[in-house]
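A.B. asks: Sending over data.pdb (PDB, C-alpha atoms and all ligand atoms).
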MODEL        1
ATOM      1  CA  MET U1295      -0.824 -60.116  28.498  1.00  0.00           C
ATOM      2  CA  GLU U1296      -4.527 -60.396  27.660  1.00  0.00           C
ATOM      3  CA  GLN U1297      -6.701 -57.796  29.298  1.00  0.00           C
ATOM      4  CA  ALA U1298     -10.084 -58.333  30.964  1.00  0.00           C
ATOM      5  CA  ALA U1299     -12.975 -58.931  28.550  1.00  0.00           C
ATOM      6  CA  PRO U1300     -14.239 -55.642  27.086  1.00  0.00           C
ATOM      7  CA  GLU U1301     -17.898 -54.600  26.720  1.00  0.00           C
ATOM      8  CA  ILE U1302     -17.739 -54.150  22.953  1.00  0.00           C
ATOM      9  CA  SER U1303     -15.866 -56.004  20.194  1.00  0.00           C
ATOM     10  CA  VAL U1304     -15.540 -54.485  16.723  1.00  0.00           C
ATOM     11  CA  VAL U1305     -14.643 -56.947  13.953  1.00  0.00           C
ATOM     12  CA  ILE U1306     -13.069 -55.686  10.711  1.00  0.00           C
ATOM     13  CA  PRO U1307     -12.277 -57.859   7.674  1.00  0.00           C
ATOM     14  CA  VAL U1308      -9.096 -56.594   6.000  1.00  0.00           C
ATOM     15  CA  PHE U1309      -7.968 -57.468   2.502  1.00  0.00           C
ATOM     16  CA  ASN U1310      -5.311 -55.116   1.133  1.00  0.00           C
ATOM     17  CA  GLU U1311      -6.489 -52.018   2.988  1.00  0.00           C
ATOM     18  CA  GLU U1312      -3.119 -50.644   4.147  1.00  0.00           C
ATOM     19  CA  PRO U1313      -3.739 -46.983   3.199  1.00  0.00           C
ATOM     20  CA  ASN U1314      -7.069 -46.930   5.077  1.00  0.00           C
ATOM     21  CA  LEU U1315      -6.108 -48.648   8.318  1.00  0.00           C
ATOM     22  CA  ARG U1316      -4.568 -45.835  10.360  1.00  0.00           C
ATOM     23  CA  GLU U1317      -7.505 -43.494   9.865  1.00  0.00           C
ATOM     24  CA  LEU U1318     -10.007 -46.319  10.385  1.00  0.00           C
ATOM     25  CA  ILE U1319      -8.543 -47.496  13.704  1.00  0.00           C
ATOM     26  CA  ALA U1320      -8.058 -43.915  14.961  1.00  0.00           C
ATOM     27  CA  ARG U1321     -11.712 -43.076  14.222  1.00  0.00           C
ATOM     28  CA  ILE U1322     -13.038 -46.255  15.863  1.00  0.00           C
ATOM     29  CA  VAL U1323     -10.918 -45.643  18.967  1.00  0.00           C
ATOM     30  CA  SER U1324     -12.068 -42.051  19.252  1.00  0.00           C
ATOM     31  CA  VAL U1325     -15.778 -42.938  18.824  1.00  0.00           C
ATOM     32  CA  LEU U1326     -15.699 -45.760  21.375  1.00  0.00           C
ATOM     33  CA  ASN U1327     -13.589 -43.793  23.859  1.00  0.00           C
ATOM     34  CA  ALA U1328     -16.238 -41.067  23.714  1.00  0.00           C
ATOM     35  CA  LEU U1329     -18.919 -43.670  24.572  1.00  0.00           C
ATOM     36  CA  GLY U1330     -17.003 -44.459  27.744  1.00  0.00           C
ATOM     37  CA  ARG U1331     -17.335 -48.229  27.150  1.00  0.00           C
ATOM     38  CA  THR U1332     -14.471 -50.705  27.153  1.00  0.00           C
ATOM     39  CA  PHE U1333     -13.740 -52.248  23.769  1.00  0.00           C
ATOM     40  CA  GLU U1334     -11.458 -54.297  21.563  1.00  0.00           C
ATOM     41  CA  ILE U1335     -10.953 -54.158  17.819  1.00  0.00           C
ATOM     42  CA  VAL U1336     -10.518 -57.548  16.138  1.00  0.00           C
ATOM     43  CA  ALA U1337      -8.911 -57.002  12.732  1.00  0.00           C
ATOM     44  CA  VAL U1338      -8.964 -60.098  10.519  1.00  0.00           C
ATOM     45  CA  ASP U1339      -6.245 -60.059   7.906  1.00  0.00           C
ATOM     46  CA  ASP U1340      -7.753 -62.049   5.045  1.00  0.00           C
ATOM     47  CA  GLY U1341      -4.521 -62.960   3.273  1.00  0.00           C
ATOM     48  CA  SER U1342      -3.522 -59.396   2.363  1.00  0.00           C
ATOM     49  CA  THR U1343      -0.587 -59.097  -0.011  1.00  0.00           C
ATOM     50  CA  ASP U1344       0.135 -55.435   0.771  1.00  0.00           C
ATOM     51  CA  GLY U1345       1.491 -54.101   4.078  1.00  0.00           C
ATOM     52  CA  SER U1346      -1.850 -54.407   5.962  1.00  0.00           C
ATOM     53  CA  LEU U1347      -0.688 -57.112   8.354  1.00  0.00           C
ATOM     54  CA  SER U1348       2.613 -55.480   9.297  1.00  0.00           C
ATOM     55  CA  LEU U1349       0.858 -52.151   9.811  1.00  0.00           C
ATOM     56  CA  LEU U1350      -1.742 -53.813  12.075  1.00  0.00           C
ATOM     57  CA  ARG U1351       1.074 -55.412  14.079  1.00  0.00           C
ATOM     58  CA  GLU U1352       2.803 -52.063  14.393  1.00  0.00           C
ATOM     59  CA  MET U1353      -0.401 -50.372  15.571  1.00  0.00           C
ATOM     60  CA  ARG U1354      -1.047 -53.142  18.085  1.00  0.00           C
ATOM     61  CA  VAL U1355       2.234 -52.326  19.834  1.00  0.00           C
ATOM     62  CA  GLY U1356       0.813 -48.871  20.602  1.00  0.00           C
ATOM     63  CA  ASP U1357      -2.647 -50.128  21.595  1.00  0.00           C
ATOM     64  CA  PRO U1358      -3.232 -53.734  22.752  1.00  0.00           C
ATOM     65  CA  ARG U1359      -6.993 -53.217  22.398  1.00  0.00           C
ATOM     66  CA  LEU U1360      -6.287 -53.919  18.746  1.00  0.00           C
ATOM     67  CA  ARG U1361      -6.188 -57.685  18.255  1.00  0.00           C
ATOM     68  CA  ILE U1362      -5.247 -59.438  15.021  1.00  0.00           C
ATOM     69  CA  VAL U1363      -6.569 -62.653  13.500  1.00  0.00           C
ATOM     70  CA  CYS U1364      -4.346 -63.703  10.641  1.00  0.00           C
ATOM     71  CA  LEU U1365      -5.697 -66.034   7.952  1.00  0.00           C
ATOM     72  CA  ALA U1366      -3.330 -68.174   5.895  1.00  0.00           C
ATOM     73  CA  ARG U1367      -4.807 -67.081   2.557  1.00  0.00           C
ATOM     74  CA  ASN U1368      -7.590 -64.986   1.098  1.00  0.00           C
ATOM     75  CA  PHE U1369     -10.870 -66.667   2.146  1.00  0.00           C
ATOM     76  CA  GLY U1370     -13.324 -63.855   1.392  1.00  0.00           C
ATOM     77  CA  GLN U1371     -15.230 -61.311   3.458  1.00  0.00           C
ATOM     78  CA  SER U1372     -17.786 -63.626   5.159  1.00  0.00           C
ATOM     79  CA  PRO U1373     -15.309 -66.342   6.218  1.00  0.00           C
ATOM     80  CA  ALA U1374     -13.015 -63.576   7.498  1.00  0.00           C
ATOM     81  CA  LEU U1375     -15.854 -62.201   9.626  1.00  0.00           C
ATOM     82  CA  TYR U1376     -16.695 -65.620  11.042  1.00  0.00           C
ATOM     83  CA  ALA U1377     -12.998 -66.119  11.876  1.00  0.00           C
ATOM     84  CA  GLY U1378     -13.105 -62.832  13.786  1.00  0.00           C
ATOM     85  CA  PHE U1379     -16.341 -63.817  15.576  1.00  0.00           C
ATOM     86  CA  ALA U1380     -14.550 -66.895  16.936  1.00  0.00           C
ATOM     87  CA  HIS U1381     -12.255 -64.577  18.905  1.00  0.00           C
ATOM     88  CA  VAL U1382     -14.532 -61.807  20.181  1.00  0.00           C
ATOM     89  CA  ARG U1383     -14.904 -61.347  23.929  1.00  0.00           C
ATOM     90  CA  GLY U1384     -17.366 -58.448  24.173  1.00  0.00           C
ATOM     91  CA  GLU U1385     -21.064 -58.681  25.142  1.00  0.00           C
ATOM     92  CA  ILE U1386     -21.825 -56.542  22.097  1.00  0.00           C
ATOM     93  CA  VAL U1387     -20.199 -57.409  18.784  1.00  0.00           C
ATOM     94  CA  ALA U1388     -20.120 -54.855  15.960  1.00  0.00           C
ATOM     95  CA  MET U1389     -18.637 -55.116  12.487  1.00  0.00           C
ATOM     96  CA  LEU U1390     -17.778 -52.697   9.717  1.00  0.00           C
ATOM     97  CA  ASP U1391     -15.668 -52.514   6.558  1.00  0.00           C
ATOM     98  CA  ALA U1392     -12.028 -51.491   6.580  1.00  0.00           C
ATOM     99  CA  ASP U1393     -12.242 -49.152   3.580  1.00  0.00           C
ATOM    100  CA  LEU U1394     -13.956 -46.235   5.393  1.00  0.00           C
ATOM    101  CA  GLN U1395     -17.237 -46.727   3.476  1.00  0.00           C
ATOM    102  CA  ASN U1396     -18.999 -47.293   6.816  1.00  0.00           C
ATOM    103  CA  PRO U1397     -18.207 -44.261   8.986  1.00  0.00           C
ATOM    104  CA  PRO U1398     -17.248 -45.528  12.483  1.00  0.00           C
ATOM    105  CA  GLU U1399     -19.158 -42.512  13.848  1.00  0.00           C
ATOM    106  CA  GLU U1400     -22.358 -44.497  13.122  1.00  0.00           C
ATOM    107  CA  LEU U1401     -21.412 -47.277  15.576  1.00  0.00           C
ATOM    108  CA  PRO U1402     -23.048 -45.605  18.621  1.00  0.00           C
ATOM    109  CA  LYS U1403     -26.466 -45.661  16.870  1.00  0.00           C
ATOM    110  CA  LEU U1404     -26.273 -49.414  16.404  1.00  0.00           C
ATOM    111  CA  ILE U1405     -24.955 -50.012  19.916  1.00  0.00           C
ATOM    112  CA  ALA U1406     -27.803 -47.911  21.337  1.00  0.00           C
ATOM    113  CA  LYS U1407     -30.319 -50.210  19.619  1.00  0.00           C
ATOM    114  CA  ILE U1408     -28.703 -53.274  21.192  1.00  0.00           C
ATOM    115  CA  ASP U1409     -28.887 -51.472  24.561  1.00  0.00           C
ATOM    116  CA  GLU U1410     -32.616 -50.946  23.850  1.00  0.00           C
ATOM    117  CA  GLY U1411     -33.070 -54.718  23.701  1.00  0.00           C
ATOM    118  CA  TYR U1412     -32.578 -55.741  20.069  1.00  0.00           C
ATOM    119  CA  ASP U1413     -30.401 -58.790  19.368  1.00  0.00           C
ATOM    120  CA  PHE U1414     -29.269 -57.805  15.887  1.00  0.00           C
ATOM    121  CA  VAL U1415     -29.083 -54.367  14.283  1.00  0.00           C
ATOM    122  CA  SER U1416     -28.289 -53.883  10.624  1.00  0.00           C
ATOM    123  CA  GLY U1417     -27.296 -50.685   8.835  1.00  0.00           C
ATOM    124  CA  TRP U1418     -29.380 -49.402   5.932  1.00  0.00           C
ATOM    125  CA  ARG U1419     -27.559 -47.293   3.367  1.00  0.00           C
ATOM    126  CA  GLN U1420     -30.296 -45.061   1.995  1.00  0.00           C
ATOM    127  CA  ASP U1421     -27.818 -42.951   0.081  1.00  0.00           C
ATOM    128  CA  ARG U1422     -25.288 -45.407  -1.194  1.00  0.00           C
ATOM    129  CA  LYS U1423     -21.959 -44.193  -2.583  1.00  0.00           C
ATOM    130  CA  ASP U1424     -21.188 -47.006  -4.997  1.00  0.00           C
ATOM    131  CA  THR U1425     -21.139 -47.485  -8.747  1.00  0.00           C
ATOM    132  CA  PHE U1426     -23.968 -49.176 -10.670  1.00  0.00           C
ATOM    133  CA  LEU U1427     -21.814 -52.261 -10.958  1.00  0.00           C
ATOM    134  CA  ARG U1428     -22.155 -52.628  -7.177  1.00  0.00           C
ATOM    135  CA  THR U1429     -25.684 -51.319  -6.596  1.00  0.00           C
ATOM    136  CA  ILE U1430     -27.566 -53.243  -9.338  1.00  0.00           C
ATOM    137  CA  PRO U1431     -26.522 -56.728  -8.082  1.00  0.00           C
ATOM    138  CA  SER U1432     -27.278 -55.542  -4.556  1.00  0.00           C
ATOM    139  CA  ARG U1433     -30.820 -54.511  -5.457  1.00  0.00           C
ATOM    140  CA  MET U1434     -31.386 -57.912  -7.039  1.00  0.00           C
ATOM    141  CA  LEU U1435     -29.954 -59.595  -3.959  1.00  0.00           C
ATOM    142  CA  ASN U1436     -32.192 -57.616  -1.589  1.00  0.00           C
ATOM    143  CA  PHE U1437     -35.260 -58.517  -3.678  1.00  0.00           C
ATOM    144  CA  PHE U1438     -34.540 -62.254  -3.800  1.00  0.00           C
ATOM    145  CA  VAL U1439     -33.493 -62.522  -0.166  1.00  0.00           C
ATOM    146  CA  LYS U1440     -36.727 -60.798   0.897  1.00  0.00           C
ATOM    147  CA  LYS U1441     -38.830 -63.134  -1.263  1.00  0.00           C
ATOM    148  CA  THR U1442     -37.097 -66.372  -0.350  1.00  0.00           C
ATOM    149  CA  THR U1443     -35.957 -66.095   3.275  1.00  0.00           C
ATOM    150  CA  ARG U1444     -37.096 -64.802   6.625  1.00  0.00           C
ATOM    151  CA  ALA U1445     -34.659 -61.901   6.366  1.00  0.00           C
ATOM    152  CA  GLN U1446     -36.820 -58.827   5.792  1.00  0.00           C
ATOM    153  CA  PHE U1447     -34.149 -56.171   5.523  1.00  0.00           C
ATOM    154  CA  HIS U1448     -33.856 -53.276   3.087  1.00  0.00           C
ATOM    155  CA  ASP U1449     -30.101 -53.609   2.734  1.00  0.00           C
ATOM    156  CA  VAL U1450     -28.845 -57.161   3.212  1.00  0.00           C
ATOM    157  CA  GLY U1451     -25.318 -56.335   2.060  1.00  0.00           C
ATOM    158  CA  CYS U1452     -24.693 -53.427   4.424  1.00  0.00           C
ATOM    159  CA  SER U1453     -21.508 -54.211   6.341  1.00  0.00           C
ATOM    160  CA  ILE U1454     -22.072 -52.169   9.464  1.00  0.00           C
ATOM    161  CA  LYS U1455     -23.962 -54.294  11.957  1.00  0.00           C
ATOM    162  CA  ALA U1456     -24.178 -55.059  15.657  1.00  0.00           C
ATOM    163  CA  PHE U1457     -25.077 -58.253  17.495  1.00  0.00           C
ATOM    164  CA  ARG U1458     -25.782 -59.279  21.026  1.00  0.00           C
ATOM    165  CA  ARG U1459     -23.112 -61.769  21.962  1.00  0.00           C
ATOM    166  CA  GLU U1460     -25.581 -64.691  22.210  1.00  0.00           C
ATOM    167  CA  VAL U1461     -26.395 -64.377  18.500  1.00  0.00           C
ATOM    168  CA  ILE U1462     -22.724 -64.748  17.596  1.00  0.00           C
ATOM    169  CA  ASP U1463     -22.459 -67.805  19.855  1.00  0.00           C
ATOM    170  CA  LEU U1464     -25.485 -69.416  18.191  1.00  0.00           C
ATOM    171  CA  MET U1465     -24.211 -68.704  14.681  1.00  0.00           C
ATOM    172  CA  ALA U1466     -20.855 -70.239  15.579  1.00  0.00           C
ATOM    173  CA  LYS U1467     -22.693 -73.558  16.026  1.00  0.00           C
ATOM    174  CA  PHE U1468     -24.157 -73.534  12.512  1.00  0.00           C
ATOM    175  CA  THR U1469     -22.931 -76.307  10.269  1.00  0.00           C
ATOM    176  CA  HIS U1470     -24.361 -74.542   7.244  1.00  0.00           C
ATOM    177  CA  ARG U1471     -23.866 -70.849   6.550  1.00  0.00           C
ATOM    178  CA  SER U1472     -25.499 -68.442   4.208  1.00  0.00           C
ATOM    179  CA  ARG U1473     -23.109 -65.970   2.702  1.00  0.00           C
ATOM    180  CA  TYR U1474     -25.288 -63.206   4.103  1.00  0.00           C
ATOM    181  CA  LEU U1475     -25.367 -62.649   7.831  1.00  0.00           C
ATOM    182  CA  PRO U1476     -28.931 -61.244   7.980  1.00  0.00           C
ATOM    183  CA  VAL U1477     -30.186 -64.525   6.478  1.00  0.00           C
ATOM    184  CA  ASP U1478     -28.396 -66.510   9.180  1.00  0.00           C
ATOM    185  CA  VAL U1479     -29.632 -64.199  11.912  1.00  0.00           C
ATOM    186  CA  ALA U1480     -33.249 -64.079  10.694  1.00  0.00           C
ATOM    187  CA  TRP U1481     -33.359 -67.858  10.673  1.00  0.00           C
ATOM    188  CA  LEU U1482     -32.710 -67.783  14.430  1.00  0.00           C
ATOM    189  CA  GLY U1483     -35.850 -65.710  15.003  1.00  0.00           C
ATOM    190  CA  VAL U1484     -34.181 -63.123  17.232  1.00  0.00           C
ATOM    191  CA  ARG U1485     -35.277 -59.483  17.626  1.00  0.00           C
ATOM    192  CA  THR U1486     -33.889 -57.422  14.766  1.00  0.00           C
ATOM    193  CA  ALA U1487     -33.799 -53.729  13.854  1.00  0.00           C
ATOM    194  CA  GLU U1488     -32.485 -51.556  11.043  1.00  0.00           C
ATOM    195  CA  VAL U1489     -30.944 -48.113  11.393  1.00  0.00           C
ATOM    196  CA  VAL U1490     -30.229 -45.711   8.570  1.00  0.00           C
ATOM    197  CA  VAL U1491     -26.491 -45.108   8.271  1.00  0.00           C
ATOM    198  CA  ARG U1492     -24.310 -42.787   6.245  1.00  0.00           C
ATOM    199  CA  HIS U1493     -22.265 -44.337   3.486  1.00  0.00           C
ATOM    200  CA  GLU U1494     -19.077 -42.885   2.032  1.00  0.00           C
ATOM    201  CA  GLN U1495     -16.890 -43.407  -0.995  1.00  0.00           C
ATOM    202  CA  ARG U1496     -14.212 -46.007  -0.465  1.00  0.00           C
ATOM    203  CA  GLY U1497     -10.972 -44.545   0.989  1.00  0.00           C
ATOM    204  CA  ALA U1498      -7.971 -45.799  -0.982  1.00  0.00           C
ATOM    205  CA  GLY U1499      -8.111 -48.785  -3.344  1.00  0.00           C
ATOM    206  CA  THR U1500     -10.970 -50.341  -5.329  1.00  0.00           C
ATOM    207  CA  SER U1501     -13.850 -52.659  -4.470  1.00  0.00           C
ATOM    208  CA  LYS U1502     -13.023 -56.348  -4.256  1.00  0.00           C
ATOM    209  CA  TYR U1503     -16.403 -57.129  -5.814  1.00  0.00           C
ATOM    210  CA  GLY U1504     -17.834 -56.582  -9.273  1.00  0.00           C
ATOM    211  CA  LEU U1505     -20.966 -57.498 -11.179  1.00  0.00           C
ATOM    212  CA  PHE U1506     -20.315 -61.241 -11.197  1.00  0.00           C
ATOM    213  CA  LYS U1507     -18.924 -61.778  -7.717  1.00  0.00           C
TER     214      LYS U1507
HETATM  215  N1  LIG N1601     -12.663 -58.072   2.180  1.00  0.00           N
HETATM  216  C1  LIG N1601     -12.078 -59.208   2.737  1.00  0.00           C
HETATM  217  N2  LIG N1601     -11.800 -60.255   1.919  1.00  0.00           N
HETATM  218  C2  LIG N1601     -12.070 -60.256   0.570  1.00  0.00           C
HETATM  219  C3  LIG N1601     -12.724 -59.106   0.024  1.00  0.00           C
HETATM  220  C4  LIG N1601     -12.997 -58.035   0.858  1.00  0.00           C
HETATM  221  O1  LIG N1601     -11.801 -59.240   3.937  1.00  0.00           O
HETATM  222  O2  LIG N1601     -11.769 -61.243  -0.101  1.00  0.00           O
HETATM  223  C5  LIG N1601     -12.961 -56.922   3.059  1.00  0.00           C
HETATM  224  C6  LIG N1601     -12.437 -55.581   2.550  1.00  0.00           C
HETATM  225  O3  LIG N1601     -11.101 -55.341   2.951  1.00  0.00           O
HETATM  226  C7  LIG N1601     -13.432 -54.613   3.173  1.00  0.00           C
HETATM  227  C8  LIG N1601     -14.737 -55.409   3.145  1.00  0.00           C
HETATM  228  O4  LIG N1601     -14.354 -56.788   3.090  1.00  0.00           O
HETATM  229  O5  LIG N1601     -13.103 -54.337   4.510  1.00  0.00           O
HETATM  230  C9  LIG N1601     -15.633 -55.048   1.971  1.00  0.00           C
HETATM  231  O6  LIG N1601     -14.924 -55.196   0.749  1.00  0.00           O
HETATM  232  P1  LIG N1601     -15.077 -54.144  -0.450  1.00  0.00           P
HETATM  233  O7  LIG N1601     -14.971 -52.765   0.068  1.00  0.00           O
HETATM  234  O8  LIG N1601     -14.123 -54.523  -1.509  1.00  0.00           O
HETATM  235  O9  LIG N1601     -16.554 -54.457  -0.948  1.00  0.00           O
HETATM  236  P2  LIG N1601     -17.729 -53.443  -1.353  1.00  0.00           P
HETATM  237  O10 LIG N1601     -17.671 -52.234  -0.456  1.00  0.00           O
HETATM  238  O11 LIG N1601     -17.493 -53.089  -2.774  1.00  0.00           O
HETATM  239  O12 LIG N1601     -18.965 -54.250  -1.138  1.00  0.00           O
HETATM  240 MG    MG N1602     -16.173 -51.145   0.203  1.00  0.00          MG
ENDMDL
END
Show me the file's structure as structure tokens.
C.D. replies:
Amino acid sequence: MEQAAPEISVVIPVFNEEPNLRELIARIVSVLNALGRTFEIVAVDDGSTDGSLSLLREMRVGDPRLRIVCLARNFGQSPALYAGFAHVRGEIVAMLDADLQNPPEELPKLIAKIDEGYDFVSGWRQDRKDTFLRTIPSRMLNFFVKKTTRAQFHDVGCSIKAFRREVIDLMAKFTHRSRYLPVDVAWLGVRTAEVVVRHEQRGAGTSKYGLFK
């Protein structure tokens, strides 16, 4: 049976992240329990070919606050996130990666900013734990996005973010989407903030992106 709508929804795109999922979900649950706010976790399985989906299903039996959106094939990180957004019920919507690079312990900082009155809060990885193959294209991306769009963020590609629910509802109506959420959000003209967040090495597995992607 579905429970009453929670205050916070956390969306996680999952593509072959089986070895990281138990720790990830446990850490999110413990952080949000400590906040004393009601929440749900919306895990979007983006066509995983490992045991991610069956593990998510198994974990859901123990905790129905974990909800699963299952995509028919691998669509990519942004489409997976939008698929998750279509199912969120919280007034605050947060997102983070499944590979433990975004520590869930940073979520309260972002949620606090939304509570302060911001509509969109984006993480800023000042000390990024990625290889040059990931950071060089990112620097180029940040430069071009800043020059060519309204999105004036230091770290466009940072995956830990929080939104006021209304922003998600507006973005759901877009017929055209940028691949980068801050570009979509900035276009709306809502109140935005950045918070510095810790960044960690990936848990198990390797990045799904390289220089060319
Ligand atoms: N991801 C996804 N679909 C994809 C590629 C990645 O859902 O086709 C997820 C992945 O499981 C992770 C997040 O998107 O939760 C970021 O992916 P990754 O860690 O590979 O990217 P990077 O940290 O190198 O930017
Ligand atoms: Mg990663």
A.B. asks: For the PyMOL selection byres (((not hetatm)) within 7 of (chain N and resi 1601)), applied here, can you spell out every residue it catches as a list in words?
C.D. replies: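 Written out, the selection comes to Ile1306, Pro1307, Val1308, Phe1309, Asn1310, Glu1311, Asp1339, Asp1340, Asn1368, Phe1369, Gly1370, Gln1371, Ala1374, Asp1391, Ala1392, Asp1393, Gln1395, Arg1428, Arg1496, Thr1500, Ser1501, Lys1502 and Tyr1503 of chain U.
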A.B. asks: Any chance you could work out the residue set of the PyMOL selection byres (((chain U and resi 1405-1408) around 9) and not hetatm) here, as a list in words?
C.D. replies: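 Selection result, ordered by chain and number: Ile1302, Ile1386, Val1387, Ala1388, Leu1401, Pro1402, Lys1403, Leu1404, Asp1409, Glu1410, Gly1411, Tyr1412, Asp1413, Phe1414, Val1415, Ala1456, Phe1457, Arg1458, Ala1487, Glu1488 and Val1489 of chain U.
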A.B. asks: One decimal, Å: what's the distance from CA of Ser1348 (chain U) over to CA of Cys1364 (chain U), could you say?
C.D. replies: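 Taking CA of Ser1348 (chain U) as the start and CA of Cys1364 (chain U) as the end point, the length is 10.9 Å.
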A.B. asks: Neighbouring residues of Ile1362 (chain U) were defined as those with any atom within 6 Å, considering only C-alpha atoms; residues of the same chain fewer than 4 positions away were excluded. Please report them as a ChimeraX atom specification.
C.D. replies: /U:1336-1338
A.B. asks: Measuring atom to atom with all atoms listed in the file, identify which of U:Gly1417, U:Gly1499, U:Pro1476, U:Pro1431 is nearest to Gln1446 (chain U).
C.D. replies: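 Closest residue, counting all atoms listed in the file: U:Pro1476.
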A.B. asks: Under the PyMOL selection byres (((chain U and resi 1359) around 9) and not hetatm), which residues of this model are included? Write them out as an NGL selection string.
C.D. replies: :U and (1297 or 1300 or 1333-1336 or 1354 or 1357-1358 or 1360-1361)
A.B. asks: What separation in Å, quoted to one decimal, exists between CA of Leu1350 (chain U) and CA of Asn1327 (chain U)?
C.D. replies: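 Value for the CA of Leu1350 (chain U)-CA of Asn1327 (chain U) distance: 19.5 Å.
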A.B. asks: Edge lengths and centre, in Å to one decimal, as JSON: that's what I need for the box along x, y and z that holds all listed atoms of region 1375-1384 of chain U plus 6 Å on each side.
C.D. replies:
{"center_x": -14.8, "center_y": -62.7, "center_z": 16.9, "size_x": 17.1, "size_y": 20.4, "size_z": 26.5}
A.B. asks: Grab the CA of Gly1378 (chain U) to CA of Thr1429 (chain U) distance for me, in Å with one decimal place.
C.D. replies: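 So the two atoms, CA of Gly1378 (chain U) and CA of Thr1429 (chain U), lie 26.6 Å apart.
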A.B. asks: With only C-alpha atoms as the atoms that count, which of U:Val1461, U:Ala1498, U:Ala1466, U:Val1325 lies nearest to Val1484 (chain U)?
C.D. replies: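 Result for the nearest residue to Val1484 (chain U): U:Val1461.
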A.B. asks: Can you work out which one of U:Glu1400, U:Asp1344, U:Glu1317, U:Asp1478 has the shortest atom-to-atom distance to Arg1419 (chain U), counting only C-alpha atoms?
C.D. replies: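 Nearest to Arg1419 (chain U): U:Glu1400.
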A.B. asks: Could you check which of U:Asn1396, U:Asn1436, U:Ser1472, U:Ser1303 is closest to ligand MG 1602 (chain N), using all atoms listed in the file?
C.D. replies: U:Asn1396
A.B. asks: Select, from U:Leu1475, U:Cys1452, U:Val1491, U:Ala1480, the residue with the minimum atom-to-atom distance to ligand MG 1602 (chain N), counting all atoms listed in the file.
C.D. replies: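 Smallest separation from ligand MG 1602 (chain N) among the options: U:Cys1452.
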A.B. asks: Of the residues U:Leu1375, U:Arg1471, U:Asp1424, U:Gly1483, which is the one nearest to ligand MG 1602 (chain N), using only C-alpha atoms and all ligand atoms?
C.D. replies: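 Under the stated criterion, the closest residue is U:Asp1424.
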